[in-house]
Amino acid sequence: MTLPPIEALCLAGPTASGKSALALALAEHLPVEIISVDSALVYRGMDIGTAKPTPAERAATAHHLIDIREPTEAYSAAEFARDARRLIPEIRARGRLPLLVGGTMLYFKALLDGLDELPRADPATRRQIDERARQLGWPALHAELARVDPASAARLAPTDSQRIQRALEVWQLTGQPLSRFHTSKTRAPSAQGAGAIPLFSLESTDRAWLHERIAQRFDVMLRAGFLDEVKALRARGDLSPDLPAMRCVGYRQAWQALDEAWPLAELRERGIIATRQLAKRQMTWLRAMPQRHVLTIDAEATSATLGAQVLSRLPEGAFSRA
């Protein structure tokens with residue numbers, strides 16, 4: 001395969017697929033700076049549950065868009081695209097290759113395709129909204145919508161459950177109010193004359209293998225003190241389970257575990273199930289990206305062998321300074 005000269009390189013995949021390890025392996029061969037494509041890594045104080053790169057890893061290879069928000073703040077796909085488009089030429093100006101790594105597929109879409117359409121329905125998000133509606137009632141959720149998207153709330157009745165649900169879903173998925181989604185069209189870099197940005201995707205043909213990786217990683221997080229990390233976040237006093245940061249997979253389950261005094265085994269089970277569901281959604285997003293170049297991952301694949309595959313598919317000099 002021959003690729004045109006590239007502006008940047010993207011590395012995507014489901015959670016626990018080995019993206020970070022592969023990125024660091026590529027950093028041994030390419031002059032890269034890593035741009036995180038992860039909606040959880042942006043938050044300060046959320047380290048263990050996000051598998052954030054260690055200080056040593058960040059010292060060895062420059063990382064961007066990590067620890068740029070407080071957990072009380074939102075960060076949208078549109079903001080990511082804006083930040084990534086600023087960083088890409090800055091990194092290239094230093095003679096280095098921007099390497100975008102992560103599993104937040106809406107962020108990749110915002111960068112590569114633009115945000116000219118609404119996000120697809122997300123069943124898990126809708127279930128969470130419906131559950132809150134059962135507890136609080138749709139008028140209460142309408143009042144919540146009025147705080148984040150007053151324009152949409154103004155045109156909806158407090159009992160219009162379907163439209164309230166969709167507006168809140170869009171807000172939770174993107175951090176943007178539905179009323180602004182079509183007010184301007186975000187153009188992808190390719191539409192602005194930029195070079196190619198190839199997307200490599202880590203994908204497993206063995207679901208059981210990936211599920212085991214997810215379980216192993218959740219166990220590592222628990223042993224590393226993940227529950228204590230969530231306790232410390234709760235102790236701040238300015239966070240709630242409704243914030244986007246606390247709705248991240250793992251954190252949402254840990255918060256509920258502390259609220260309801262779950263045994264550790266139940267937190268582990270529910271956290272692993274939620275992470276597997278996230279991985280499934282990530283794979284659905286990836287399969288809808290026909291431009292991706294698939295890297296098959298399994299027990300035999302190592303960061304070194306996968307890195308060699310990536311390098312073999314890049315034309316010599318493709319990452320050189322423009």
# chains A, B, ... in the order shown; residues from 1 in each chain; ligands from 1
$ residues_around --residues "A:Ala151" --least-positions-apart "3" --cutoff "7 Å" --atoms "only C-alpha atoms" --output "number ranges by chain"
A: 154-155, 179
$ write_last_selection --atoms "C-alpha atoms" --output "PDB file, in the first residue's frame"
ATOM      1  CA  ALA A 154     -37.732  26.719  24.993  1.00  0.00           C
ATOM      2  CA  ARG A 155     -39.266  24.922  22.033  1.00  0.00           C
ATOM      3  CA  SER A 179     -29.499  24.067  19.071  1.00  0.00           C
TER       4      SER A 179
END
$ residues_around --residues "stretch 265-277 of chain A" --least-positions-apart "5" --cutoff "10 Å" --atoms "only C-alpha atoms" --output "PyMOL selection string"
chain A and resi 14-16+124+207+210-219+222+227+248-258+282-283
$ write_last_selection --atoms "N, CA and C atoms" --output "CSV table (one decimal), in the first residue's frame"
chain,number,residue,atom,x,y,z
A,14,PRO,N,-10.4,-0.1,20.2
A,14,PRO,CA,-11.2,-0.2,21.4
A,14,PRO,C,-10.4,-0.1,22.6
A,15,THR,N,-11.0,0.1,23.8
A,15,THR,CA,-10.3,0.1,25.0
A,15,THR,C,-9.5,-1.2,25.3
A,16,ALA,N,-8.3,-1.1,25.8
A,16,ALA,CA,-7.5,-2.2,26.2
A,16,ALA,C,-6.9,-3.0,25.0
A,124,ALA,N,-26.7,3.2,25.3
A,124,ALA,CA,-26.3,3.3,26.7
A,124,ALA,C,-26.6,4.6,27.3
A,207,ARG,N,-13.3,-12.0,20.2
A,207,ARG,CA,-13.9,-11.2,21.2
A,207,ARG,C,-13.5,-11.6,22.6
A,210,LEU,N,-10.2,-10.1,23.7
A,210,LEU,CA,-10.3,-8.7,24.1
A,210,LEU,C,-11.0,-8.5,25.4
A,211,HIS,N,-12.0,-9.3,25.6
A,211,HIS,CA,-12.7,-9.3,26.9
A,211,HIS,C,-11.8,-9.6,28.1
A,212,GLU,N,-10.9,-10.6,27.9
A,212,GLU,CA,-9.9,-11.0,28.9
A,212,GLU,C,-9.0,-9.8,29.1
A,213,ARG,N,-8.5,-9.1,28.1
A,213,ARG,CA,-7.7,-8.0,28.2
A,213,ARG,C,-8.4,-6.9,29.1
A,214,ILE,N,-9.6,-6.7,28.8
A,214,ILE,CA,-10.4,-5.7,29.5
A,214,ILE,C,-10.5,-6.0,31.0
A,215,ALA,N,-10.8,-7.3,31.3
A,215,ALA,CA,-10.8,-7.8,32.7
A,215,ALA,C,-9.5,-7.6,33.4
A,216,GLN,N,-8.4,-7.9,32.7
A,216,GLN,CA,-7.1,-7.8,33.3
A,216,GLN,C,-6.8,-6.3,33.6
A,217,ARG,N,-7.1,-5.5,32.7
A,217,ARG,CA,-6.8,-4.0,32.9
A,217,ARG,C,-7.6,-3.5,34.1
A,218,PHE,N,-8.9,-3.9,34.2
A,218,PHE,CA,-9.7,-3.4,35.3
A,218,PHE,C,-9.2,-3.9,36.6
A,219,ASP,N,-8.7,-5.1,36.6
A,219,ASP,CA,-8.1,-5.6,37.9
A,219,ASP,C,-6.8,-4.9,38.2
A,222,LEU,N,-7.9,-1.6,39.8
A,222,LEU,CA,-8.4,-1.8,41.2
A,222,LEU,C,-7.2,-2.0,42.2
A,227,LEU,N,-10.4,2.8,43.4
A,227,LEU,CA,-11.5,3.2,44.2
A,227,LEU,C,-11.1,4.3,45.1
A,248,CYS,N,-17.7,8.9,32.8
A,248,CYS,CA,-16.8,8.0,32.1
A,248,CYS,C,-16.9,6.6,32.6
A,249,VAL,N,-16.7,5.6,31.7
A,249,VAL,CA,-16.8,4.2,32.1
A,249,VAL,C,-15.8,3.9,33.2
A,250,GLY,N,-16.3,3.2,34.2
A,250,GLY,CA,-15.5,2.9,35.4
A,250,GLY,C,-15.8,3.9,36.5
A,251,TYR,N,-15.6,5.1,36.2
A,251,TYR,CA,-15.9,6.2,37.2
A,251,TYR,C,-17.4,6.2,37.6
A,252,ARG,N,-18.3,6.0,36.6
A,252,ARG,CA,-19.7,6.0,36.9
A,252,ARG,C,-20.0,4.8,37.8
A,253,GLN,N,-19.4,3.6,37.5
A,253,GLN,CA,-19.7,2.4,38.3
A,253,GLN,C,-19.1,2.6,39.7
A,254,ALA,N,-17.9,3.1,39.8
A,254,ALA,CA,-17.3,3.3,41.1
A,254,ALA,C,-18.1,4.3,42.0
A,255,TRP,N,-18.6,5.3,41.4
A,255,TRP,CA,-19.4,6.3,42.1
A,255,TRP,C,-20.6,5.6,42.7
A,256,GLN,N,-21.3,4.9,41.9
A,256,GLN,CA,-22.5,4.2,42.3
A,256,GLN,C,-22.1,3.1,43.4
A,257,ALA,N,-21.0,2.5,43.2
A,257,ALA,CA,-20.6,1.5,44.2
A,257,ALA,C,-20.4,2.1,45.6
A,258,LEU,N,-19.9,3.3,45.6
A,258,LEU,CA,-19.7,4.0,46.9
A,258,LEU,C,-21.0,4.5,47.4
A,282,GLN,N,-17.2,1.2,20.4
A,282,GLN,CA,-16.0,1.7,19.7
A,282,GLN,C,-15.8,0.9,18.4
A,283,MET,N,-16.0,-0.4,18.4
A,283,MET,CA,-15.8,-1.2,17.2
A,283,MET,C,-16.9,-0.8,16.2
$ closest_residue --among "A:Gly114, A:Pro315, A:Gly102, A:Pro89" --to "A:Val37" --atoms "only C-alpha atoms"
A:Gly102
$ select_by_dssp --residues "stretch 4-226 of chain A" --states "strand (DSSP E or B)" --output "VMD selection string"
chain A and resid 6 9 to 12 32 to 37 43 63 to 64 69 97 to 102 196 199 to 204
$ closest_residue --among "A:Gly307, A:Gly95, A:Pro5, A:Pro241" --to "A:Leu24" --atoms "only C-alpha atoms"
A:Gly307
$ atom_distance --atom1 "atom CA of A:Leu41" --atom2 "atom CA of A:Ile66"
5.3 Å
$ residues_around --residues "A:Ser36" --least-positions-apart "4" --cutoff "7 Å" --atoms "only C-alpha atoms" --output "list in words"
His63, His64, Leu65, Ile66, Leu100, Val101 and Gly102 of chain A
$ closest_residue --among "A:Arg166, A:Arg180, A:Arg234, A:Arg69" --to "A:Asp122" --atoms "only C-alpha atoms"
A:Arg166
$ select_by_dssp --residues "stretch 132-209 of chain A" --states "alpha helix (DSSP H)" --output "PyMOL selection string"
chain A and resi 132-136+138-148+150-154+161-174+207-209
$ residues_around --residues "A:Ala78" --least-positions-apart "2" --cutoff "9 Å" --atoms "only C-alpha atoms" --output "list in words"
Tyr75, Ser76, Phe80, Ala81, Arg82, Asp83, Tyr107, Ala110, Leu111, Gly114, Leu115, Thr174, Gly175, Gln176 and Thr186 of chain A
$ write_last_selection --atoms "C-alpha atoms" --output "PDB file, in the first residue's frame"
ATOM      1  CA  TYR A  75     -14.823  19.234  26.620  1.00  0.00           C
ATOM      2  CA  SER A  76     -16.549  18.648  23.304  1.00  0.00           C
ATOM      3  CA  PHE A  80     -10.976  18.639  20.327  1.00  0.00           C
ATOM      4  CA  ALA A  81     -11.012  19.182  16.550  1.00  0.00           C
ATOM      5  CA  ARG A  82     -10.080  22.820  17.038  1.00  0.00           C
ATOM      6  CA  ASP A  83      -7.241  21.945  19.396  1.00  0.00           C
ATOM      7  CA  TYR A 107     -13.240  12.982  18.220  1.00  0.00           C
ATOM      8  CA  ALA A 110     -14.771  15.520  14.151  1.00  0.00           C
ATOM      9  CA  LEU A 111     -11.181  15.780  12.961  1.00  0.00           C
ATOM     10  CA  GLY A 114     -16.123  17.319  10.364  1.00  0.00           C
ATOM     11  CA  LEU A 115     -19.184  17.757  12.554  1.00  0.00           C
ATOM     12  CA  THR A 174     -20.666  15.966  22.358  1.00  0.00           C
ATOM     13  CA  GLY A 175     -20.701  18.618  25.065  1.00  0.00           C
ATOM     14  CA  GLN A 176     -22.566  20.859  22.620  1.00  0.00           C
ATOM     15  CA  THR A 186     -16.849  22.278  10.875  1.00  0.00           C
TER      16      THR A 186
END
$ atom_distance --atom1 "atom CA of A:Ile164" --atom2 "atom CA of A:Met246"
21.4 Å
$ atom_distance --atom1 "atom CA of A:Arg281" --atom2 "atom CA of A:Ile88"
27.3 Å
$ residues_around --residues "A:Met105" --least-positions-apart "6" --cutoff "8 Å" --atoms "only C-alpha atoms" --output "PyMOL selection string"
chain A and resi 12+282+285-286
$ write_last_selection --atoms "N, CA and C atoms" --output "PDB file, in the first residue's frame"
ATOM      1  N   ALA A  12      -6.239   4.291  16.251  1.00  0.00           N
ATOM      2  CA  ALA A  12      -7.491   4.126  16.990  1.00  0.00           C
ATOM      3  C   ALA A  12      -7.680   2.663  17.355  1.00  0.00           C
ATOM      4  N   GLN A 282     -17.174   1.207  20.397  1.00  0.00           N
ATOM      5  CA  GLN A 282     -16.010   1.710  19.673  1.00  0.00           C
ATOM      6  C   GLN A 282     -15.794   0.943  18.371  1.00  0.00           C
ATOM      7  N   TRP A 285     -18.236   2.095  15.725  1.00  0.00           N
ATOM      8  CA  TRP A 285     -17.758   3.338  15.105  1.00  0.00           C
ATOM      9  C   TRP A 285     -16.662   3.038  14.081  1.00  0.00           C
ATOM     10  N   LEU A 286     -15.702   2.210  14.458  1.00  0.00           N
ATOM     11  CA  LEU A 286     -14.567   1.947  13.572  1.00  0.00           C
ATOM     12  C   LEU A 286     -15.012   1.281  12.279  1.00  0.00           C
TER      13      LEU A 286
END
$ closest_residue --among "A:Ala232, A:Ala196, A:Leu106, A:Leu168" --to "A:Arg127" --atoms "only C-alpha atoms"
A:Leu168
$ closest_residue --among "A:Leu141, A:Leu173, A:Leu264, A:Leu239" --to "A:Phe226" --atoms "only C-alpha atoms"
A:Leu264
$ closest_residue --among "A:Ala167, A:Leu199, A:Ile35, A:Leu22" --to "A:Ile297" --atoms "only C-alpha atoms"
A:Leu22
